[in-house]
Structure formats: structure tokens, C-alpha cells
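Visitor: structure-v4.txt (compact mmCIF, C-alpha atoms) pasted underneath:
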```txt
# COMPACT_ATOMS: atom_id res chain seq x y z
CA MET A 1 -34.56 82.86 -30.38
CA SER A 2 -32.61 81.43 -27.51
CA THR A 3 -32.03 84.68 -25.69
CA SER A 4 -35.52 85.79 -24.76
CA THR A 5 -35.18 88.14 -21.81
CA GLU A 6 -38.86 87.98 -20.99
CA ARG A 7 -39.65 84.36 -20.42
CA TYR A 8 -37.90 81.04 -20.28
CA SER A 9 -37.97 79.03 -23.51
CA ASN A 10 -40.78 76.52 -23.90
CA THR A 11 -38.26 73.69 -23.60
CA ALA A 12 -36.89 75.04 -20.32
CA ILE A 13 -40.44 75.50 -19.02
CA ALA A 14 -41.43 71.97 -20.04
CA LEU A 15 -38.31 70.47 -18.42
CA HIS A 16 -38.86 72.46 -15.22
CA TRP A 17 -42.43 71.33 -14.74
CA LEU A 18 -41.89 67.76 -15.87
CA ILE A 19 -39.02 67.32 -13.40
CA ALA A 20 -41.06 69.04 -10.67
CA LEU A 21 -43.97 66.68 -11.29
CA LEU A 22 -41.74 63.59 -11.21
CA ILE A 23 -40.13 64.74 -7.95
CA PHE A 24 -43.52 65.43 -6.41
CA VAL A 25 -44.48 61.80 -7.18
CA ALA A 26 -41.14 60.14 -6.39
CA PHE A 27 -40.58 61.89 -3.06
CA PRO A 28 -43.75 60.74 -1.24
CA ILE A 29 -43.39 57.23 -2.70
CA GLY A 30 -39.86 57.09 -1.30
CA TRP A 31 -41.02 58.39 2.05
CA TYR A 32 -43.88 55.90 2.27
CA MET A 33 -42.24 52.77 0.89
CA SER A 34 -39.18 52.66 3.12
CA ASP A 35 -41.22 51.85 6.24
CA LEU A 36 -43.46 49.26 4.59
CA GLN A 37 -43.29 45.59 5.46
CA LEU A 38 -42.11 43.41 2.62
CA SER A 39 -45.00 42.93 0.19
CA PRO A 40 -45.56 42.92 -3.56
CA THR A 41 -46.70 46.54 -3.20
CA LYS A 42 -43.41 47.47 -1.57
CA LEU A 43 -41.40 45.84 -4.36
CA GLN A 44 -43.54 47.65 -6.95
CA LEU A 45 -43.16 51.01 -5.24
CA PHE A 46 -39.39 50.60 -4.98
CA SER A 47 -39.23 49.94 -8.70
CA TYR A 48 -41.53 52.84 -9.60
CA HIS A 49 -39.50 55.13 -7.33
CA LYS A 50 -36.26 54.08 -9.00
CA TRP A 51 -37.71 54.52 -12.49
CA LEU A 52 -38.93 58.02 -11.58
CA GLY A 53 -35.55 58.90 -10.10
CA ILE A 54 -33.58 57.72 -13.12
CA THR A 55 -35.99 59.63 -15.38
CA VAL A 56 -35.30 62.77 -13.33
CA LEU A 57 -31.57 62.15 -13.75
CA ILE A 58 -31.90 61.80 -17.53
CA LEU A 59 -34.05 64.94 -17.75
CA ALA A 60 -31.57 66.78 -15.51
CA VAL A 61 -28.81 66.02 -18.01
CA VAL A 62 -30.98 67.35 -20.85
CA ARG A 63 -31.85 70.39 -18.76
CA VAL A 64 -28.27 71.28 -17.95
CA ILE A 65 -27.29 70.92 -21.60
CA TRP A 66 -30.21 73.17 -22.56
CA ARG A 67 -29.33 75.67 -19.88
CA ALA A 68 -25.67 75.74 -20.93
CA THR A 69 -26.62 76.50 -24.52
CA HIS A 70 -29.50 78.92 -23.90
CA ILE A 71 -29.29 82.12 -21.91
CA PRO A 72 -32.12 82.33 -19.36
CA PRO A 73 -33.98 85.62 -18.87
CA ALA A 74 -32.23 87.92 -16.43
CA LEU A 75 -33.88 88.74 -13.12
CA PRO A 76 -35.66 92.14 -13.08
CA ASP A 77 -33.66 95.07 -11.68
CA SER A 78 -36.30 95.56 -9.01
CA ILE A 79 -34.75 92.61 -7.18
CA SER A 80 -31.86 93.56 -4.92
CA ARG A 81 -28.35 92.34 -5.66
CA LEU A 82 -28.32 90.27 -2.48
CA GLN A 83 -31.60 88.57 -3.34
CA GLN A 84 -30.34 87.87 -6.86
CA ILE A 85 -27.26 86.15 -5.43
CA GLY A 86 -29.49 84.20 -3.03
CA SER A 87 -31.68 83.13 -5.92
CA HIS A 88 -28.71 81.91 -7.96
CA VAL A 89 -27.28 80.00 -4.99
CA VAL A 90 -30.56 78.20 -4.28
CA HIS A 91 -31.07 77.39 -7.97
CA GLY A 92 -27.47 76.16 -8.15
CA PHE A 93 -28.04 73.79 -5.23
CA LEU A 94 -31.32 72.59 -6.75
CA TYR A 95 -29.47 71.72 -9.96
CA VAL A 96 -26.82 69.83 -7.98
CA LEU A 97 -29.54 67.90 -6.13
CA LEU A 98 -31.26 66.94 -9.41
CA PHE A 99 -28.14 64.84 -9.94
CA ALA A 100 -27.05 64.02 -6.40
CA VAL A 101 -30.40 62.63 -5.23
CA PRO A 102 -30.95 60.08 -8.03
CA ILE A 103 -27.26 59.14 -8.19
CA SER A 104 -27.12 58.53 -4.43
CA GLY A 105 -30.23 56.36 -4.80
CA TRP A 106 -28.69 54.43 -7.66
CA LEU A 107 -25.46 53.89 -5.67
CA MET A 108 -27.47 52.79 -2.66
CA SER A 109 -29.39 50.31 -4.79
CA SER A 110 -26.17 48.87 -6.19
CA ALA A 111 -24.58 48.62 -2.74
CA LYS A 112 -27.64 46.84 -1.39
CA GLY A 113 -27.45 44.37 -4.24
CA PHE A 114 -30.54 45.41 -6.14
CA LYS A 115 -29.88 46.21 -9.72
CA THR A 116 -31.92 49.02 -11.25
CA VAL A 117 -33.89 47.81 -14.26
CA LEU A 118 -35.38 50.90 -15.86
CA PHE A 119 -39.10 50.40 -16.56
CA GLY A 120 -38.50 46.69 -15.93
CA VAL A 121 -36.76 46.47 -19.28
CA LEU A 122 -33.38 48.17 -19.31
CA PRO A 123 -30.84 46.93 -16.74
CA LEU A 124 -28.55 49.76 -15.64
CA PRO A 125 -24.99 48.94 -14.66
CA ASP A 126 -24.26 48.66 -10.96
CA LEU A 127 -22.07 51.62 -10.12
CA ILE A 128 -20.50 49.86 -7.14
CA GLY A 129 -20.37 46.30 -5.85
CA LYS A 130 -22.59 44.85 -3.16
CA ASP A 131 -21.52 46.13 0.25
CA LYS A 132 -23.92 45.98 3.18
CA GLU A 133 -22.29 48.69 5.31
CA LEU A 134 -21.84 51.04 2.38
CA GLY A 135 -25.49 50.41 1.49
CA LYS A 136 -26.60 51.58 4.93
CA LEU A 137 -24.39 54.65 4.70
CA LEU A 138 -25.73 55.52 1.26
CA GLU A 139 -29.28 55.14 2.55
CA VAL A 140 -28.53 57.87 5.11
CA VAL A 141 -26.88 59.98 2.39
CA HIS A 142 -29.86 59.54 0.05
CA GLN A 143 -32.32 60.46 2.82
CA SER A 144 -30.31 63.47 3.94
CA LEU A 145 -30.00 64.81 0.41
CA ASN A 146 -33.77 64.44 0.07
CA TYR A 147 -34.39 66.46 3.23
CA ILE A 148 -32.10 69.17 1.87
CA LEU A 149 -34.03 69.01 -1.42
CA LEU A 150 -37.31 69.31 0.49
CA ALA A 151 -36.04 72.35 2.38
CA LEU A 152 -34.84 74.04 -0.80
CA VAL A 153 -38.10 73.29 -2.64
CA VAL A 154 -40.02 74.84 0.27
CA LEU A 155 -37.75 77.88 0.02
CA HIS A 156 -38.21 77.94 -3.77
CA ILE A 157 -42.00 77.93 -3.41
CA ALA A 158 -41.91 80.48 -0.55
CA ALA A 159 -39.89 82.80 -2.77
CA LEU A 160 -42.39 82.50 -5.58
CA ILE A 161 -45.26 83.30 -3.20
CA LYS A 162 -43.33 86.35 -1.98
CA HIS A 163 -42.68 87.53 -5.54
CA ARG A 164 -46.27 86.92 -6.57
CA PHE A 165 -48.10 88.47 -3.63
CA ILE A 166 -45.65 90.84 -1.94
CA ASP A 167 -43.32 92.10 -4.66
CA ARG A 168 -46.01 91.60 -7.33
CA ASP A 169 -43.37 91.05 -10.00
CA ASP A 170 -43.50 88.52 -12.81
CA VAL A 171 -40.71 86.07 -11.96
CA LEU A 172 -43.27 83.28 -11.69
CA THR A 173 -44.97 83.96 -15.00
CA ARG A 174 -41.63 83.61 -16.76
CA MET A 175 -41.72 79.92 -15.87
CA LEU A 176 -45.42 79.32 -16.56
CA PRO A 177 -46.47 77.71 -19.80
CA ASN A 178 -47.89 80.28 -22.13
CA TRP A 179 -51.04 78.48 -23.27
CA ASN A 180 -52.82 81.54 -24.62
CA ARG A 181 -50.21 83.16 -26.78
CA LYS A 182 -48.95 80.30 -28.86
CA MET B 183 3.62 -7.79 -32.82
CA ASN B 184 0.10 -8.92 -32.47
CA TYR B 185 0.79 -10.20 -29.02
CA LEU B 186 2.31 -6.88 -28.02
CA LYS B 187 -0.72 -4.97 -29.25
CA CYS B 188 -2.97 -7.27 -27.29
CA THR B 189 -0.99 -6.76 -24.13
CA LEU B 190 -1.04 -3.03 -24.61
CA LEU B 191 -4.77 -3.03 -25.15
CA LEU B 192 -5.32 -5.23 -22.15
CA GLY B 193 -3.12 -2.97 -20.10
CA LEU B 194 -5.09 0.10 -21.15
CA LEU B 195 -8.33 -1.63 -20.38
CA LEU B 196 -7.10 -2.55 -16.96
CA ILE B 197 -5.99 0.99 -16.26
CA GLY B 198 -9.23 2.29 -17.63
CA ASN B 199 -11.13 -0.13 -15.51
CA ARG B 200 -9.21 0.82 -12.44
CA VAL B 201 -9.87 4.51 -12.99
CA SER B 202 -13.55 3.98 -13.60
CA ALA B 203 -13.77 1.73 -10.60
CA LEU B 204 -13.36 4.80 -8.47
CA GLU B 205 -16.54 5.58 -6.70
CA PHE B 206 -17.06 9.21 -5.85
CA ASN B 207 -18.93 9.24 -2.59
CA GLN B 208 -17.43 11.69 -0.12
CA VAL B 209 -19.19 15.00 -0.53
CA GLN B 210 -17.12 18.00 0.49
CA THR B 211 -19.93 20.20 1.78
CA THR B 212 -17.78 23.22 2.56
CA GLU B 213 -16.59 23.40 -1.04
CA SER B 214 -20.02 22.77 -2.49
CA SER B 215 -22.81 25.24 -3.06
CA VAL B 216 -26.51 25.38 -3.79
CA THR B 217 -27.49 28.71 -5.28
CA PHE B 218 -30.55 30.09 -7.00
CA GLY B 219 -31.48 32.95 -9.24
CA TYR B 220 -34.83 34.71 -9.38
CA LYS B 221 -36.38 37.93 -10.56
CA GLN B 222 -38.46 40.51 -8.74
CA MET B 223 -39.90 43.33 -10.84
CA ASN B 224 -37.56 41.95 -13.52
CA VAL B 225 -34.58 42.66 -11.31
CA PRO B 226 -32.29 39.61 -11.29
CA LEU B 227 -31.20 38.47 -7.84
CA GLU B 228 -28.98 35.70 -6.55
CA GLY B 229 -29.39 33.69 -3.40
CA LYS B 230 -27.97 30.63 -1.75
CA PHE B 231 -28.53 28.05 0.94
CA ASN B 232 -25.83 28.08 3.58
CA LYS B 233 -26.63 24.71 5.15
CA PHE B 234 -27.20 21.47 3.33
CA SER B 235 -25.94 17.93 3.38
CA SER B 236 -25.51 15.48 0.59
CA GLN B 237 -24.92 11.79 0.12
CA LEU B 238 -23.71 10.72 -3.22
CA ALA B 239 -22.38 7.60 -4.86
CA PHE B 240 -21.20 7.84 -8.41
CA ASP B 241 -19.09 5.48 -10.42
CA PRO B 242 -18.72 6.69 -14.00
CA SER B 243 -18.61 3.10 -15.20
CA LYS B 244 -21.78 2.06 -13.40
CA LEU B 245 -24.41 4.71 -13.89
CA VAL B 246 -27.20 2.35 -12.88
CA THR B 247 -26.03 2.38 -9.31
CA ALA B 248 -25.52 6.13 -9.13
CA GLN B 249 -27.33 7.70 -6.26
CA ALA B 250 -27.63 11.21 -4.95
CA ARG B 251 -29.46 12.84 -2.15
CA LEU B 252 -29.40 16.46 -1.12
CA ASP B 253 -31.03 17.84 2.00
CA ILE B 254 -31.31 21.57 2.37
CA GLU B 255 -32.01 23.44 5.57
CA VAL B 256 -34.43 26.03 4.23
CA ALA B 257 -33.96 28.42 7.15
CA SER B 258 -30.33 28.84 6.07
CA ILE B 259 -31.51 30.73 3.00
CA ASP B 260 -29.73 33.86 1.89
CA THR B 261 -31.96 35.67 -0.59
CA GLY B 262 -29.55 38.53 -1.06
CA SER B 263 -31.51 40.82 1.25
CA ALA B 264 -31.90 40.57 5.04
CA GLU B 265 -35.52 41.63 4.81
CA GLY B 266 -36.13 38.88 2.26
CA ASP B 267 -34.44 36.27 4.47
CA ASP B 268 -36.76 37.05 7.36
CA ALA B 269 -39.82 36.95 5.14
CA VAL B 270 -39.18 33.75 3.20
CA VAL B 271 -38.85 31.47 6.23
CA GLY B 272 -42.40 32.53 7.12
CA LYS B 273 -45.63 30.69 6.44
CA LEU B 274 -46.39 32.19 3.05
CA TRP B 275 -43.01 31.24 1.63
CA PHE B 276 -41.11 28.18 2.90
CA ASN B 277 -42.90 27.80 6.23
CA ALA B 278 -39.59 26.61 7.66
CA LYS B 279 -41.08 25.71 11.04
CA ALA B 280 -43.41 23.11 9.56
CA PHE B 281 -41.11 22.11 6.69
CA PRO B 282 -37.54 22.65 7.86
CA SER B 283 -35.88 20.85 5.01
CA ALA B 284 -36.15 20.50 1.27
CA SER B 285 -34.72 17.47 -0.45
CA PHE B 286 -33.69 16.10 -3.77
CA VAL B 287 -33.52 12.34 -4.20
CA SER B 288 -32.21 10.96 -7.46
CA THR B 289 -34.13 8.34 -9.38
CA GLY B 290 -31.79 7.91 -12.31
CA LEU B 291 -28.79 9.10 -14.20
CA LYS B 292 -28.14 8.71 -17.88
CA SER B 293 -25.18 9.63 -20.01
CA LEU B 294 -25.52 12.34 -22.62
CA GLY B 295 -22.03 11.65 -23.91
CA GLY B 296 -18.67 12.90 -22.73
CA ASN B 297 -18.90 14.33 -19.25
CA ARG B 298 -22.53 15.26 -19.63
CA TYR B 299 -25.34 13.49 -17.87
CA GLU B 300 -28.99 13.88 -17.19
CA ALA B 301 -30.13 13.39 -13.65
CA THR B 302 -33.73 12.74 -12.77
CA GLY B 303 -35.12 12.86 -9.31
CA LYS B 304 -37.79 13.93 -6.91
CA LEU B 305 -37.64 17.38 -5.43
CA SER B 306 -39.61 17.94 -2.25
CA ILE B 307 -40.19 21.39 -0.87
CA LYS B 308 -42.82 22.44 1.64
CA GLY B 309 -44.40 18.98 1.60
CA LYS B 310 -44.85 18.95 -2.16
CA THR B 311 -42.92 16.61 -4.41
CA GLN B 312 -42.29 17.04 -8.11
CA ASP B 313 -40.17 15.24 -10.67
CA VAL B 314 -37.24 17.24 -11.90
CA VAL B 315 -34.72 16.69 -14.66
CA ALA B 316 -31.33 18.34 -14.50
CA PRO B 317 -28.47 18.37 -16.96
CA VAL B 318 -25.28 17.69 -15.04
CA THR B 319 -21.62 17.78 -15.91
CA PHE B 320 -19.05 15.76 -14.04
CA GLN B 321 -15.40 16.64 -14.05
CA SER B 322 -12.73 14.80 -12.17
CA SER B 323 -9.06 14.94 -11.68
CA GLY B 324 -7.70 12.05 -9.73
CA SER B 325 -9.93 11.31 -6.79
CA ARG B 326 -11.63 14.70 -6.82
CA GLY B 327 -14.79 15.20 -8.78
CA ILE B 328 -17.15 18.11 -9.33
CA PHE B 329 -20.78 17.91 -10.30
CA GLU B 330 -22.23 21.00 -11.79
CA GLY B 331 -25.76 21.47 -12.93
CA GLY B 332 -28.97 23.31 -12.66
CA PHE B 333 -32.63 23.26 -13.39
CA THR B 334 -35.58 25.61 -13.27
CA ILE B 335 -38.56 25.15 -11.04
CA HIS B 336 -41.80 27.04 -10.78
CA ARG B 337 -42.16 28.30 -7.25
CA LEU B 338 -45.94 28.04 -7.29
CA ASP B 339 -45.69 24.27 -7.93
CA TYR B 340 -44.40 24.09 -4.35
CA ALA B 341 -46.61 26.87 -2.96
CA ILE B 342 -43.50 28.99 -2.34
CA GLY B 343 -45.16 32.35 -1.99
CA GLU B 344 -48.82 32.14 -1.06
CA GLY B 345 -51.51 34.77 -0.64
CA GLU B 346 -50.50 38.10 -2.11
CA TRP B 347 -47.21 36.53 -3.23
CA THR B 348 -48.94 34.31 -5.80
CA ASP B 349 -48.76 37.44 -7.93
CA LEU B 350 -46.11 36.58 -10.50
CA GLY B 351 -45.71 40.16 -11.71
CA THR B 352 -43.53 41.04 -8.75
CA VAL B 353 -41.68 37.82 -7.92
CA ALA B 354 -41.44 35.65 -11.05
CA ASN B 355 -42.44 31.99 -11.05
CA ASP B 356 -39.18 30.72 -12.47
CA ILE B 357 -36.43 29.94 -9.98
CA GLN B 358 -33.12 28.78 -11.44
CA ILE B 359 -31.45 26.38 -9.07
CA LYS B 360 -27.76 25.70 -9.53
CA PHE B 361 -25.60 23.25 -7.70
CA HIS B 362 -21.89 22.73 -7.48
CA ILE B 363 -21.04 19.58 -5.56
CA VAL B 364 -17.46 18.61 -4.83
CA VAL B 365 -17.09 14.93 -4.13
CA ASN B 366 -14.01 12.87 -3.44
CA ALA B 367 -13.55 9.28 -4.43
CA ALA B 368 -12.86 6.30 -2.31
CA PRO B 369 -11.68 3.05 -3.86
CA GLY B 370 -14.64 1.26 -5.36
CA LYS B 371 -16.19 -1.62 -3.45
CA LYS B 372 -16.48 -4.18 -6.20
```
How would this structure read if it were set down as C-alpha cells?

Guide:
Amino acid sequence: MSTSTERYSNTAIALHWLIALLIFVAFPIGWYMSDLQLSPTKLQLFSYHKWLGITVLILAVVRVIWRATHIPPALPDSISRLQQIGSHVVHGFLYVLLFAVPISGWLMSSAKGFKTVLFGVLPLPDLIGKDKELGKLLEVVHQSLNYILLALVVLHIAALIKHRFIDRDDVLTRMLPNWNRK
Amino acid sequence: MNYLKCTLLLGLLLIGNRVSALEFNQVQTTESSVTFGYKQMNVPLEGKFNKFSSQLAFDPSKLVTAQARLDIEVASIDTGSAEGDDAVVGKLWFNAKAFPSASFVSTGLKSLGGNRYEATGKLSIKGKTQDVVAPVTFQSSGSRGIFEGGFTIHRLDYAIGEGEWTDLGTVANDIQIKFHIVVNAAPGKK
């Protein structure tokens, strides 16, 4: 049940695409909002961005637990050993960033003195005290980690295009929801 | 025996009278603070005013003559974020150029028992004046006294935040103002 060698489990697929969707919304909001002049819109976007980020963090925890307890399908033998290692390394870094990006944002928020109140309801603890200089440093860290994430996501998508149209193997379909055969 | 009791009582009264004759009227600005709490997107934030002056005269035995005045330099605001500080001195918020100071002038003080009082007064911000009522506690040891109190205002009553900022979903209407005033006593002028 948990060891399908063909496709990822439905849970893994759902988590993958849900997290991807949230990142694809949170990233441009983060990019856009940081240069805005102070306005109600800016305050709203900051909150939405933080809620999305914390949701990604929660889902990342679930995902890692799922991954640790369920064996993912092995890569087809048609893929060279070197490429398999490359794939694992990139996926490993992506997992790390699923944690590092939201946590660096949370730390930055705490250092800048803005508590994170999830969905405007649940106040999260401040991980560190207010510290202006540390806040600036963490802003750079958060941005840098996001650029690394962007680069890896581009690589991730480039690889899937290569597998789909050049290698013509089915590594992509393993991660697609299987609507037809329920 | 009776005579002794009387003397003792008289003595106590005299001491009591002497203590209560102290008038607290020398505000120690550097030890005092005026802070405020507010919420944006339900995120609680704390701010303070760095510059203010206060005149105060308070004799616990003569509440009728109690007087207090607090003048705040609004441009000295610290909202907890540099970006916020720049914005709130602007026209839509405090309009500090046209209205450089906010003031509180007391109109009365009544005892609520013990060291608790209720101060009433007029609060003027941005050219608008409203009546406010604040519960206050007063604690003293020797010639040093501390007033502590707070009250909540609605920022829109003073047009703090106009235009797009009248939206209360982002920055809430309620602003909790808290003050901590240290005041030393000088011998009462009877």
C-alpha cells in the first residue's frame, strides 16, 4: 500500500501540489510587497504572505513525516546513476528550503518586532526578541534563500521538461494526480 | 488613660496630616513614559512617545485642587517600525507639521478608594478634543510618587488615519494609551 513503485501515493501527490501552489502565490506576493510604500494593502499582503509561509511550513512537516514513513517510487533504471544522484541532491535541498524559507521569514518577523498571527487569529510565539540589526540581516537571509529556492524550482521544472520531451520517460506522471483511474 | 489616647490620636492625625500635606508636583520626565498599544491585521504592536512634558499638582488630601497637564510632541512617536514612524507624522495620520503637539488637560479627579482614582480630562489630538476618563493608581513612598493608568481611544475620533487608512480592518480603531508618570513631592503650600 505504501510501497507503490509506480507512482507516488495520493497523499504525497496532494502535498506536493498544494505546497507548490502556495509557494507560487507566496513568492510573487513577497517580491511585490517589499518595495511597496506603507499602505493598508501592504499590511494585508505582509499578513497573507506570512500566513502562506507558515502553512507551507506546517505542510512541510506533514510531508517529511509522510516521506519518512512511506517509500517513494524508485527512479527508472533508464536514468544514469549520476543523474539520479543529482536528482536526490536537488530534491534534498528543496526539502531543506521548505523549512528554511518560512523559518527565516518567521525569525525576520520576530526580529523586526512584528508578531506573526496566523490567519489573524492564532498568535505564534516570537522565536527571537526584537533586534533591528538582526532583522536586517535576516531579511537578506530570507531573500537569499528565496533566490536559491527560485533557482532550484527552475531546475526542477527544467528537469521535468527534459524527462517529458527528451527522455520521454514517466517521471512526471508519477507525481500527477490520477483523476481517471480512481 | 483617656488623655493618653487622645494625645496619641491627635499625634497620628498630625502625622497623617503632614504626610498628606505633601503636594506631588515635580514631574520626573526621564523616568516617566507614555506608551500605546494598537493592532494591525490583528498583530499587537507597542509604541511610545519619546518627548513629552507634564505639569502636575496632586495632594492626596485635596483632590479638588488636583491638576494635570500632559503635552506630547507627536513627531517623537516610535510606532515600533521605522517605516511606520515616517508615515504617521504625515498628513493622513498626525499631521505633525500643522498639529505638533497633543495634550491632555485634567478636569477632575475622584477617589475610587485606596490608591485608585478616576481622572477625567480633555484630550486634544490633531485639533480635535474629546473627553476621556482614565482609571489611575497612585503609589508613593516618601516624596516620590508614581501615577499609572491608561485608557482607550478610537483613532478615528481624532482623524488619526485618513483616506485609505480609515479602513479599520488593517489598523484597528482602538488605541490603548498607557502612562507612567513619576512625580516628586515638594512641601505643600498651605

Visitor: Could you check the closest approach to Val96 in chain A for each of A:Leu152, A:Arg81, A:Phe114, A:Lys130 and tell me which residue wins, using all atoms listed in the file?

Guide: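 Looking only at the distances to Val96 in chain A, the closest residue turns out to be A:Leu152.
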
Visitor: So that each row is one residue of chain A with an atom at most 9 Å from chain B, can you give its shortest atom pair and the distance in Å to one decimal, using only C-alpha atoms, rows by chain and rising number, as CSV?

Guide:
```
residue,atom,partner,partner_atom,distance
A:Gln37,CA,B:Glu265,CA,8.7
A:Leu38,CA,B:Glu265,CA,7.2
A:Ser39,CA,B:Trp347,CA,7.6
A:Pro40,CA,B:Thr352,CA,5.9
A:Thr41,CA,B:Thr352,CA,8.4
A:Leu43,CA,B:Thr352,CA,6.8
A:Gln44,CA,B:Thr352,CA,6.9
A:Ser47,CA,B:Met223,CA,7.0
A:Lys112,CA,B:Ser263,CA,7.6
A:Gly113,CA,B:Gly262,CA,7.0
A:Phe114,CA,B:Val225,CA,7.1
A:Lys115,CA,B:Val225,CA,6.1
A:Thr116,CA,B:Val225,CA,6.9
A:Val117,CA,B:Val225,CA,6.0
A:Gly120,CA,B:Asn224,CA,5.4
A:Val121,CA,B:Asn224,CA,7.4
A:Pro123,CA,B:Val225,CA,7.9
```

Visitor: Measuring between all atoms listed in the file, which one of B:Thr247, B:Thr302, B:Gln210, B:Asn232 shows the shortest distance to Val287 in chain B?

Guide: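 Nearest to Val287 in chain B: B:Thr302.
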
Visitor: Of the candidates B:His362, B:Glu255, B:Ala354, B:Tyr220, which shows the shortest atom-to-atom distance to Val318 in chain B, using all atoms listed in the file?

Guide: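 Using all atoms listed in the file, Val318 in chain B sits closest to B:His362.
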
Visitor: Which residues, written as a ChimeraX atom specification, have at least one atom at most 7 Å from range 236-245 of chain B, with all atoms listed in the file counted and residues fewer than 4 positions away on the same chain left out?

Guide: /B:202-207,209,249-253,291-292

Visitor: How many Å lie between CA of Glu213 in chain B and CA of Ser258 in chain B, rounded to one decimal?

Guide: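 About the pair CA of Glu213 in chain B and CA of Ser258 in chain B: they are 16.4 Å apart.
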